[in-house]
Structures are given as C-alpha cells and as structure tokens.
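start.txt (compact mmCIF, N, CA and C atoms)
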```txt
# COMPACT_ATOMS: atom_id res chain seq x y z
N MET A 84 0.85 -1.17 0.00
CA MET A 84 0.00 0.00 0.00
C MET A 84 0.89 1.23 0.00
N TYR A 85 0.43 2.24 -0.72
CA TYR A 85 1.13 3.53 -0.79
C TYR A 85 0.16 4.61 -0.33
N ARG A 86 0.69 5.60 0.41
CA ARG A 86 -0.18 6.63 0.99
C ARG A 86 0.50 7.99 0.95
N ASN A 87 -0.33 9.02 0.83
CA ASN A 87 0.12 10.39 1.00
C ASN A 87 -0.61 10.91 2.24
N ASP A 88 0.12 11.08 3.34
CA ASP A 88 -0.50 11.46 4.60
C ASP A 88 -1.16 12.84 4.54
N ALA A 89 -0.61 13.74 3.74
CA ALA A 89 -1.17 15.10 3.67
C ALA A 89 -2.54 15.13 3.00
N THR A 90 -2.74 14.29 1.97
CA THR A 90 -4.01 14.31 1.23
C THR A 90 -4.94 13.17 1.63
N GLY A 91 -4.41 12.14 2.28
CA GLY A 91 -5.21 10.95 2.60
C GLY A 91 -5.33 9.99 1.43
N SER A 92 -4.66 10.29 0.32
CA SER A 92 -4.71 9.43 -0.88
C SER A 92 -4.01 8.11 -0.60
N GLU A 93 -4.60 7.02 -1.13
CA GLU A 93 -4.01 5.70 -0.97
C GLU A 93 -4.18 4.90 -2.25
N ILE A 94 -3.23 4.01 -2.50
CA ILE A 94 -3.36 3.04 -3.59
C ILE A 94 -2.83 1.71 -3.10
N LEU A 95 -3.58 0.66 -3.38
CA LEU A 95 -3.19 -0.69 -3.00
C LEU A 95 -3.06 -1.51 -4.27
N LEU A 96 -1.84 -2.03 -4.51
CA LEU A 96 -1.58 -2.90 -5.65
C LEU A 96 -1.58 -4.33 -5.13
N ASP A 97 -2.62 -5.09 -5.44
CA ASP A 97 -2.72 -6.47 -4.97
C ASP A 97 -1.90 -7.41 -5.84
N SER A 98 -1.45 -8.51 -5.26
CA SER A 98 -0.61 -9.46 -5.99
C SER A 98 -1.37 -10.18 -7.10
N ASP A 99 -2.70 -10.12 -7.09
CA ASP A 99 -3.49 -10.75 -8.16
C ASP A 99 -3.65 -9.86 -9.39
N GLY A 100 -2.97 -8.69 -9.39
CA GLY A 100 -3.02 -7.80 -10.53
C GLY A 100 -4.13 -6.77 -10.49
N THR A 101 -4.85 -6.70 -9.38
CA THR A 101 -5.88 -5.67 -9.23
C THR A 101 -5.36 -4.56 -8.33
N PHE A 102 -6.02 -3.39 -8.41
CA PHE A 102 -5.65 -2.29 -7.54
C PHE A 102 -6.91 -1.55 -7.12
N SER A 103 -6.77 -0.82 -6.02
CA SER A 103 -7.82 0.11 -5.60
C SER A 103 -7.14 1.40 -5.18
N ALA A 104 -7.76 2.51 -5.56
CA ALA A 104 -7.22 3.84 -5.24
C ALA A 104 -8.30 4.62 -4.52
N THR A 105 -7.90 5.36 -3.48
CA THR A 105 -8.84 6.09 -2.65
C THR A 105 -8.39 7.53 -2.50
N ASP A 106 -9.33 8.46 -2.65
CA ASP A 106 -9.08 9.90 -2.45
C ASP A 106 -7.97 10.44 -3.35
N ILE A 107 -8.01 10.08 -4.64
CA ILE A 107 -7.01 10.54 -5.60
C ILE A 107 -7.57 11.75 -6.35
N SER A 108 -6.82 12.84 -6.39
CA SER A 108 -7.20 14.03 -7.17
C SER A 108 -6.47 13.98 -8.50
N THR A 109 -7.18 14.28 -9.58
CA THR A 109 -6.59 14.27 -10.92
C THR A 109 -6.86 15.61 -11.59
N ASP A 110 -6.21 15.82 -12.73
CA ASP A 110 -6.47 17.03 -13.51
C ASP A 110 -7.91 17.07 -13.99
N GLU A 111 -8.48 15.90 -14.33
CA GLU A 111 -9.86 15.83 -14.79
C GLU A 111 -10.85 16.02 -13.66
N SER A 112 -10.48 15.59 -12.49
CA SER A 112 -11.38 15.65 -11.33
C SER A 112 -10.61 16.17 -10.13
N PRO A 113 -10.62 17.50 -9.90
CA PRO A 113 -9.86 18.04 -8.78
C PRO A 113 -10.39 17.57 -7.42
N ASP A 114 -11.67 17.17 -7.37
CA ASP A 114 -12.19 16.60 -6.13
C ASP A 114 -11.71 15.15 -6.04
N PRO A 115 -11.31 14.71 -4.86
CA PRO A 115 -10.80 13.34 -4.72
C PRO A 115 -11.82 12.30 -5.17
N VAL A 116 -11.33 11.29 -5.89
CA VAL A 116 -12.17 10.19 -6.36
C VAL A 116 -11.56 8.86 -5.97
N ASP A 117 -12.40 7.85 -5.95
CA ASP A 117 -11.97 6.48 -5.73
C ASP A 117 -12.14 5.74 -7.06
N PHE A 118 -11.19 4.85 -7.37
CA PHE A 118 -11.31 4.05 -8.58
C PHE A 118 -10.53 2.77 -8.40
N SER A 119 -10.75 1.82 -9.29
CA SER A 119 -10.09 0.52 -9.20
C SER A 119 -9.92 -0.05 -10.60
N GLY A 120 -9.24 -1.18 -10.66
CA GLY A 120 -9.02 -1.84 -11.94
C GLY A 120 -7.90 -2.85 -11.84
N ARG A 121 -7.13 -2.95 -12.92
CA ARG A 121 -6.02 -3.89 -12.99
C ARG A 121 -4.72 -3.12 -13.20
N TRP A 122 -3.61 -3.69 -12.69
CA TRP A 122 -2.31 -3.03 -12.85
C TRP A 122 -1.33 -4.00 -13.51
N GLU A 123 -0.32 -3.40 -14.18
CA GLU A 123 0.73 -4.17 -14.82
C GLU A 123 2.02 -3.36 -14.77
N PHE A 124 3.11 -4.00 -14.33
CA PHE A 124 4.41 -3.34 -14.32
C PHE A 124 4.98 -3.36 -15.73
N VAL A 125 5.45 -2.21 -16.21
CA VAL A 125 6.02 -2.09 -17.56
C VAL A 125 7.51 -1.77 -17.41
N ASP A 126 8.33 -2.73 -17.81
CA ASP A 126 9.79 -2.58 -17.78
C ASP A 126 10.19 -1.99 -19.12
N SER A 127 10.31 -0.68 -19.16
CA SER A 127 10.54 0.03 -20.42
C SER A 127 12.02 0.15 -20.72
N GLU A 128 12.39 -0.19 -21.95
CA GLU A 128 13.78 -0.06 -22.37
C GLU A 128 14.08 1.34 -22.90
N THR A 129 13.05 2.10 -23.24
CA THR A 129 13.27 3.41 -23.86
C THR A 129 12.96 4.59 -22.93
N SER A 130 12.28 4.34 -21.81
CA SER A 130 11.98 5.41 -20.86
C SER A 130 11.94 4.82 -19.46
N SER A 131 11.43 5.56 -18.52
CA SER A 131 11.36 5.08 -17.13
C SER A 131 10.36 3.94 -17.02
N ASP A 132 10.69 2.96 -16.16
CA ASP A 132 9.73 1.90 -15.85
C ASP A 132 8.52 2.53 -15.17
N PHE A 133 7.36 1.89 -15.34
CA PHE A 133 6.16 2.42 -14.71
C PHE A 133 5.15 1.31 -14.47
N VAL A 134 4.15 1.62 -13.68
CA VAL A 134 3.02 0.73 -13.44
C VAL A 134 1.84 1.31 -14.20
N HIS A 135 1.30 0.53 -15.14
CA HIS A 135 0.12 0.99 -15.90
C HIS A 135 -1.12 0.54 -15.13
N LEU A 136 -1.97 1.51 -14.80
CA LEU A 136 -3.23 1.23 -14.12
C LEU A 136 -4.35 1.30 -15.15
N SER A 137 -5.00 0.17 -15.43
CA SER A 137 -6.16 0.14 -16.32
C SER A 137 -7.38 0.34 -15.44
N VAL A 138 -8.03 1.48 -15.60
CA VAL A 138 -9.12 1.88 -14.72
C VAL A 138 -10.43 1.26 -15.20
N ASP A 139 -11.20 0.69 -14.27
CA ASP A 139 -12.52 0.14 -14.60
C ASP A 139 -13.41 1.24 -15.15
N ASP A 140 -14.39 0.86 -15.94
CA ASP A 140 -15.32 1.79 -16.60
C ASP A 140 -15.84 2.86 -15.65
N GLY A 141 -15.65 4.11 -16.08
CA GLY A 141 -16.22 5.23 -15.36
C GLY A 141 -15.49 5.68 -14.12
N GLY A 142 -14.43 4.99 -13.73
CA GLY A 142 -13.74 5.35 -12.50
C GLY A 142 -13.12 6.73 -12.52
N LEU A 143 -12.64 7.15 -13.70
CA LEU A 143 -12.02 8.47 -13.84
C LEU A 143 -12.62 9.23 -15.02
N GLY A 144 -13.89 9.08 -15.23
CA GLY A 144 -14.51 9.77 -16.36
C GLY A 144 -14.02 9.18 -17.67
N SER A 145 -13.45 10.01 -18.53
CA SER A 145 -12.99 9.52 -19.84
C SER A 145 -11.60 8.91 -19.79
N THR A 146 -10.91 9.01 -18.67
CA THR A 146 -9.56 8.45 -18.53
C THR A 146 -9.67 6.95 -18.29
N VAL A 147 -8.98 6.14 -19.11
CA VAL A 147 -9.06 4.69 -18.96
C VAL A 147 -7.76 4.08 -18.46
N GLY A 148 -6.70 4.87 -18.46
CA GLY A 148 -5.41 4.36 -18.00
C GLY A 148 -4.58 5.47 -17.40
N VAL A 149 -3.81 5.12 -16.38
CA VAL A 149 -2.96 6.08 -15.68
C VAL A 149 -1.61 5.41 -15.47
N GLN A 150 -0.55 6.19 -15.50
CA GLN A 150 0.77 5.64 -15.23
C GLN A 150 1.25 6.10 -13.87
N LEU A 151 1.81 5.16 -13.14
CA LEU A 151 2.34 5.39 -11.80
C LEU A 151 3.83 5.07 -11.88
N TYR A 152 4.68 6.05 -11.54
CA TYR A 152 6.12 5.88 -11.70
C TYR A 152 6.81 5.62 -10.36
N PRO A 153 7.54 4.50 -10.25
CA PRO A 153 8.35 4.27 -9.05
C PRO A 153 9.47 5.30 -8.97
N ASN A 154 9.74 5.77 -7.76
CA ASN A 154 10.85 6.68 -7.52
C ASN A 154 11.60 6.12 -6.31
N GLY A 155 12.60 5.31 -6.58
CA GLY A 155 13.28 4.60 -5.49
C GLY A 155 12.48 3.37 -5.10
N ARG A 156 12.73 2.85 -3.91
CA ARG A 156 12.08 1.62 -3.48
C ARG A 156 10.82 1.85 -2.65
N THR A 157 10.59 3.09 -2.20
CA THR A 157 9.47 3.29 -1.28
C THR A 157 8.48 4.36 -1.73
N THR A 158 8.66 4.93 -2.91
CA THR A 158 7.80 6.03 -3.34
C THR A 158 7.31 5.79 -4.77
N VAL A 159 6.05 6.15 -5.03
CA VAL A 159 5.50 6.14 -6.38
C VAL A 159 4.88 7.51 -6.65
N GLU A 160 4.86 7.88 -7.93
CA GLU A 160 4.37 9.20 -8.31
C GLU A 160 3.35 9.09 -9.44
N PHE A 161 2.24 9.83 -9.30
CA PHE A 161 1.31 10.02 -10.40
C PHE A 161 1.79 11.20 -11.22
N HIS A 162 1.82 11.04 -12.53
CA HIS A 162 2.14 12.13 -13.45
C HIS A 162 0.97 12.26 -14.42
N PHE A 163 -0.04 13.06 -14.05
CA PHE A 163 -1.19 13.21 -14.93
C PHE A 163 -0.83 14.07 -16.14
N ASP A 164 0.18 14.93 -16.00
CA ASP A 164 0.74 15.68 -17.13
C ASP A 164 2.13 15.08 -17.37
N PRO A 165 2.32 14.32 -18.45
CA PRO A 165 3.60 13.64 -18.67
C PRO A 165 4.80 14.58 -18.69
N ASP A 166 4.59 15.84 -19.04
CA ASP A 166 5.71 16.78 -19.11
C ASP A 166 5.88 17.58 -17.83
N GLY A 167 4.99 17.41 -16.89
CA GLY A 167 5.04 18.21 -15.67
C GLY A 167 5.60 17.45 -14.48
N PRO A 168 5.64 18.13 -13.36
CA PRO A 168 6.12 17.48 -12.12
C PRO A 168 5.09 16.47 -11.63
N PRO A 169 5.44 15.66 -10.65
CA PRO A 169 4.47 14.70 -10.12
C PRO A 169 3.22 15.42 -9.62
N SER A 170 2.06 14.87 -9.95
CA SER A 170 0.80 15.41 -9.47
C SER A 170 0.52 14.97 -8.04
N LEU A 171 1.03 13.78 -7.70
CA LEU A 171 0.80 13.21 -6.38
C LEU A 171 1.92 12.23 -6.08
N VAL A 172 2.49 12.30 -4.89
CA VAL A 172 3.55 11.39 -4.46
C VAL A 172 3.03 10.58 -3.29
N LEU A 173 3.18 9.25 -3.38
CA LEU A 173 2.72 8.35 -2.32
C LEU A 173 3.90 7.52 -1.82
N THR A 174 3.92 7.25 -0.53
CA THR A 174 5.02 6.52 0.11
C THR A 174 4.52 5.17 0.60
N ARG A 175 5.33 4.14 0.44
CA ARG A 175 4.95 2.78 0.86
C ARG A 175 4.75 2.73 2.38
N VAL A 176 3.64 2.11 2.76
CA VAL A 176 3.32 1.88 4.16
C VAL A 176 2.86 0.43 4.31
N ALA A 177 2.82 -0.07 5.52
CA ALA A 177 2.33 -1.43 5.76
C ALA A 177 0.83 -1.46 5.48
N ALA A 178 0.39 -2.50 4.76
CA ALA A 178 -1.04 -2.65 4.48
C ALA A 178 -1.78 -2.97 5.77
N PRO A 179 -3.02 -2.47 5.88
CA PRO A 179 -3.78 -2.73 7.13
C PRO A 179 -4.13 -4.18 7.29
```

Spit out the file's structure as structure tokens when you get a sec.
Amino acid sequence: MYRNDATGSEILLDSDGTFSATDISTDESPDPVDFSGRWEFVDSETSSDFVHLSVDDGGLGSTVGVQLYPNGRTTVEFHFDPDGPPSLVLTRVAAP
C-alpha cells in the first residue's frame, strides 16, 4: 500500500493484478475520487519503468489508464501531465 498522509490518498496494488485507489485528485477531477481496476508493471527499455493502471469503466470519467512511476524503493508518483512534475507522491506503508 502507498499513501500520501497530507491528502489521505491511498493506492493498493494487490498481488493478483488488481488495484484500488482512494481519495485521488486528478487534472480531470480536482475533487478526490476512488477508482479501481487492474495493474501491470512495464519494464521500459526506452523510458522510465512504470506501473500501468487500467481503470474500470467510469472510474475516472474519460480516462481509462494512468501511469504510476516508481521513484526509489518506497515512493510512487502520479504524473497526470507527462511533461510536468508529479501530481501526487505516495510513500509505501504497511497494508492494514
């Protein structure tokens, strides 16, 4: 599980390839939203490795996929604008 204590945002990547996200703010929806779906780690040879989140229908409006970038061993970052700074940084915590 990854969490941002300041915003209350959380994401849980389950070992079965599913994920759930809670209280995530995006460019499309500045109010925090919850969404879920399936995740896959992408080992990219041409750019940074990332986790592709395939969002279930309607979870983020018209957005169907989001990329989550590992930064070290304990932090992941949402980059809703690929050319901009991280939109949200979450730190690994023990799952409840």

Those in chain A with strand (DSSP E or B) from DSSP, as a VMD selection string: chain A and resid 85 to 87 92 to 96 101 to 107 116 to 125 133 to 138 143 146 148 to 153 158 to 161 171 to 175

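Taking atom N of Met84 of chain A and atom CA of Asp97 of chain A as the two end points, the separation is 8.1 Å.
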
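Between His135 of chain A and the candidates A:Glu160, A:Glu123, A:Asp166, A:Asp106, the tightest atom-to-atom separation, counting all atoms listed in the file, involves A:Glu123.
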
Would you mind telling me which residue in A:Pro179, A:Ser119, A:Val134, A:Gln150 lies nearest to Phe163 of chain A when using all atoms listed in the file? A:Gln150

Residues near segment 153-155 of chain A, cut-off 8 Å, all atoms listed in the file, skip fewer than 4 positions along chain, as a CSV table (one decimal) with N, CA and C atoms, keeping the file's coordinate frame:
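What ended up in result01.csv:
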```csv
chain,number,residue,atom,x,y,z
A,131,SER,N,11.4,5.6,-18.5
A,131,SER,CA,11.4,5.1,-17.1
A,131,SER,C,10.4,3.9,-17.0
A,132,ASP,N,10.7,3.0,-16.2
A,132,ASP,CA,9.7,1.9,-15.8
A,132,ASP,C,8.5,2.5,-15.2
A,133,PHE,N,7.4,1.9,-15.3
A,133,PHE,CA,6.2,2.4,-14.7
A,133,PHE,C,5.2,1.3,-14.5
A,134,VAL,N,4.2,1.6,-13.7
A,134,VAL,CA,3.0,0.7,-13.4
A,134,VAL,C,1.8,1.3,-14.2
A,159,VAL,N,6.0,6.2,-5.0
A,159,VAL,CA,5.5,6.1,-6.4
A,159,VAL,C,4.9,7.5,-6.6
A,160,GLU,N,4.9,7.9,-7.9
A,160,GLU,CA,4.4,9.2,-8.3
A,160,GLU,C,3.4,9.1,-9.4
A,161,PHE,N,2.2,9.8,-9.3
A,161,PHE,CA,1.3,10.0,-10.4
A,161,PHE,C,1.8,11.2,-11.2
```

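If you measure from each of A:Tyr85, A:Arg121, A:Thr90, A:Gly148 to Phe102 of chain A using only C-alpha atoms, the closest one turns out to be A:Arg121.
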
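The shortest atom-to-atom distance to Ser108 of chain A, with only N, CA and C atoms taken into account, belongs to A:Leu171 out of A:Leu136, A:Leu171, A:Val149, A:Leu95.
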
Point-to-point distance from atom CA of Pro115 of chain A to atom CA of Ser92 of chain A, Å rounded to tenths: 8.2 Å

From the set A:Leu173, A:Gly167, A:Thr158, A:Gly120, which residue has the shortest atom-to-atom contact distance to Ile94 of chain A, counting only C-alpha atoms? A:Leu173

When you draw a straight line from atom CA of Phe118 of chain A to atom C of His162 of chain A, how long is it in Å? 15.9 Å

Skip Thr157 of chain A itself and residues of its chain fewer than 4 positions away, then list as number ranges by chain all residues within 7 Å of it, counting all atoms listed in the file. A: 173-176

Closest of A:Ala177, A:Thr105, A:Pro168, A:Leu151 to Glu93 of chain A - atom-to-atom distances counting only C-alpha atoms: A:Thr105

Could you pull chain A out of the block above and give me C-alpha atoms, as a PDB file, in the first residue's frame?
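Just written: selection_8.pdb:
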```pdb
ATOM      1  CA  MET A  84       0.000   0.000   0.000  1.00  0.00           C
ATOM      2  CA  TYR A  85       1.129   3.528  -0.790  1.00  0.00           C
ATOM      3  CA  ARG A  86      -0.181   6.629   0.992  1.00  0.00           C
ATOM      4  CA  ASN A  87       0.117  10.394   0.999  1.00  0.00           C
ATOM      5  CA  ASP A  88      -0.505  11.462   4.605  1.00  0.00           C
ATOM      6  CA  ALA A  89      -1.167  15.103   3.666  1.00  0.00           C
ATOM      7  CA  THR A  90      -4.010  14.309   1.233  1.00  0.00           C
ATOM      8  CA  GLY A  91      -5.206  10.955   2.600  1.00  0.00           C
ATOM      9  CA  SER A  92      -4.707   9.433  -0.877  1.00  0.00           C
ATOM     10  CA  GLU A  93      -4.008   5.696  -0.971  1.00  0.00           C
ATOM     11  CA  ILE A  94      -3.362   3.040  -3.585  1.00  0.00           C
ATOM     12  CA  LEU A  95      -3.192  -0.693  -3.000  1.00  0.00           C
ATOM     13  CA  LEU A  96      -1.576  -2.902  -5.651  1.00  0.00           C
ATOM     14  CA  ASP A  97      -2.724  -6.468  -4.966  1.00  0.00           C
ATOM     15  CA  SER A  98      -0.610  -9.463  -5.985  1.00  0.00           C
ATOM     16  CA  ASP A  99      -3.487 -10.754  -8.158  1.00  0.00           C
ATOM     17  CA  GLY A 100      -3.017  -7.797 -10.534  1.00  0.00           C
ATOM     18  CA  THR A 101      -5.879  -5.673  -9.234  1.00  0.00           C
ATOM     19  CA  PHE A 102      -5.653  -2.290  -7.545  1.00  0.00           C
ATOM     20  CA  SER A 103      -7.818   0.107  -5.598  1.00  0.00           C
ATOM     21  CA  ALA A 104      -7.215   3.837  -5.245  1.00  0.00           C
ATOM     22  CA  THR A 105      -8.838   6.090  -2.646  1.00  0.00           C
ATOM     23  CA  ASP A 106      -9.081   9.899  -2.455  1.00  0.00           C
ATOM     24  CA  ILE A 107      -7.014  10.541  -5.600  1.00  0.00           C
ATOM     25  CA  SER A 108      -7.201  14.025  -7.168  1.00  0.00           C
ATOM     26  CA  THR A 109      -6.593  14.271 -10.916  1.00  0.00           C
ATOM     27  CA  ASP A 110      -6.469  17.027 -13.510  1.00  0.00           C
ATOM     28  CA  GLU A 111      -9.862  15.834 -14.793  1.00  0.00           C
ATOM     29  CA  SER A 112     -11.384  15.654 -11.333  1.00  0.00           C
ATOM     30  CA  PRO A 113      -9.859  18.040  -8.779  1.00  0.00           C
ATOM     31  CA  ASP A 114     -12.194  16.598  -6.135  1.00  0.00           C
ATOM     32  CA  PRO A 115     -10.796  13.345  -4.717  1.00  0.00           C
ATOM     33  CA  VAL A 116     -12.169  10.194  -6.362  1.00  0.00           C
ATOM     34  CA  ASP A 117     -11.975   6.477  -5.735  1.00  0.00           C
ATOM     35  CA  PHE A 118     -11.311   4.050  -8.580  1.00  0.00           C
ATOM     36  CA  SER A 119     -10.086   0.522  -9.198  1.00  0.00           C
ATOM     37  CA  GLY A 120      -9.019  -1.837 -11.941  1.00  0.00           C
ATOM     38  CA  ARG A 121      -6.021  -3.892 -12.990  1.00  0.00           C
ATOM     39  CA  TRP A 122      -2.311  -3.034 -12.851  1.00  0.00           C
ATOM     40  CA  GLU A 123       0.730  -4.169 -14.816  1.00  0.00           C
ATOM     41  CA  PHE A 124       4.412  -3.340 -14.317  1.00  0.00           C
ATOM     42  CA  VAL A 125       6.022  -2.094 -17.556  1.00  0.00           C
ATOM     43  CA  ASP A 126       9.786  -2.580 -17.782  1.00  0.00           C
ATOM     44  CA  SER A 127      10.536   0.034 -20.419  1.00  0.00           C
ATOM     45  CA  GLU A 128      13.778  -0.064 -22.371  1.00  0.00           C
ATOM     46  CA  THR A 129      13.265   3.413 -23.856  1.00  0.00           C
ATOM     47  CA  SER A 130      11.982   5.408 -20.862  1.00  0.00           C
ATOM     48  CA  SER A 131      11.356   5.083 -17.131  1.00  0.00           C
ATOM     49  CA  ASP A 132       9.734   1.901 -15.846  1.00  0.00           C
ATOM     50  CA  PHE A 133       6.160   2.418 -14.707  1.00  0.00           C
ATOM     51  CA  VAL A 134       3.020   0.730 -13.437  1.00  0.00           C
ATOM     52  CA  HIS A 135       0.124   0.987 -15.897  1.00  0.00           C
ATOM     53  CA  LEU A 136      -3.232   1.230 -14.125  1.00  0.00           C
ATOM     54  CA  SER A 137      -6.161   0.142 -16.316  1.00  0.00           C
ATOM     55  CA  VAL A 138      -9.124   1.877 -14.717  1.00  0.00           C
ATOM     56  CA  ASP A 139     -12.521   0.140 -14.602  1.00  0.00           C
ATOM     57  CA  ASP A 140     -15.321   1.787 -16.596  1.00  0.00           C
ATOM     58  CA  GLY A 141     -16.225   5.235 -15.355  1.00  0.00           C
ATOM     59  CA  GLY A 142     -13.737   5.348 -12.503  1.00  0.00           C
ATOM     60  CA  LEU A 143     -12.021   8.468 -13.839  1.00  0.00           C
ATOM     61  CA  GLY A 144     -14.510   9.770 -16.362  1.00  0.00           C
ATOM     62  CA  SER A 145     -12.995   9.522 -19.842  1.00  0.00           C
ATOM     63  CA  THR A 146      -9.561   8.445 -18.534  1.00  0.00           C
ATOM     64  CA  VAL A 147      -9.064   4.694 -18.959  1.00  0.00           C
ATOM     65  CA  GLY A 148      -5.414   4.363 -17.997  1.00  0.00           C
ATOM     66  CA  VAL A 149      -2.959   6.079 -15.682  1.00  0.00           C
ATOM     67  CA  GLN A 150       0.772   5.644 -15.233  1.00  0.00           C
ATOM     68  CA  LEU A 151       2.339   5.388 -11.798  1.00  0.00           C
ATOM     69  CA  TYR A 152       6.124   5.884 -11.697  1.00  0.00           C
ATOM     70  CA  PRO A 153       8.350   4.272  -9.047  1.00  0.00           C
ATOM     71  CA  ASN A 154      10.855   6.682  -7.515  1.00  0.00           C
ATOM     72  CA  GLY A 155      13.277   4.600  -5.494  1.00  0.00           C
ATOM     73  CA  ARG A 156      12.079   1.618  -3.477  1.00  0.00           C
ATOM     74  CA  THR A 157       9.470   3.288  -1.281  1.00  0.00           C
ATOM     75  CA  THR A 158       7.800   6.028  -3.343  1.00  0.00           C
ATOM     76  CA  VAL A 159       5.496   6.141  -6.379  1.00  0.00           C
ATOM     77  CA  GLU A 160       4.367   9.201  -8.308  1.00  0.00           C
ATOM     78  CA  PHE A 161       1.306  10.021 -10.402  1.00  0.00           C
ATOM     79  CA  HIS A 162       2.140  12.135 -13.448  1.00  0.00           C
ATOM     80  CA  PHE A 163      -1.192  13.214 -14.927  1.00  0.00           C
ATOM     81  CA  ASP A 164       0.744  15.675 -17.129  1.00  0.00           C
ATOM     82  CA  PRO A 165       3.602  13.645 -18.666  1.00  0.00           C
ATOM     83  CA  ASP A 166       5.707  16.777 -19.111  1.00  0.00           C
ATOM     84  CA  GLY A 167       5.035  18.209 -15.670  1.00  0.00           C
ATOM     85  CA  PRO A 168       6.120  17.480 -12.123  1.00  0.00           C
ATOM     86  CA  PRO A 169       4.467  14.704 -10.121  1.00  0.00           C
ATOM     87  CA  SER A 170       0.796  15.413  -9.467  1.00  0.00           C
ATOM     88  CA  LEU A 171       0.801  13.211  -6.379  1.00  0.00           C
ATOM     89  CA  VAL A 172       3.553  11.388  -4.458  1.00  0.00           C
ATOM     90  CA  LEU A 173       2.723   8.351  -2.318  1.00  0.00           C
ATOM     91  CA  THR A 174       5.017   6.520   0.111  1.00  0.00           C
ATOM     92  CA  ARG A 175       4.954   2.781   0.861  1.00  0.00           C
ATOM     93  CA  VAL A 176       3.321   1.877   4.164  1.00  0.00           C
ATOM     94  CA  ALA A 177       2.333  -1.425   5.758  1.00  0.00           C
ATOM     95  CA  ALA A 178      -1.042  -2.645   4.477  1.00  0.00           C
ATOM     96  CA  PRO A 179      -3.775  -2.729   7.129  1.00  0.00           C
TER      97      PRO A 179
END
```
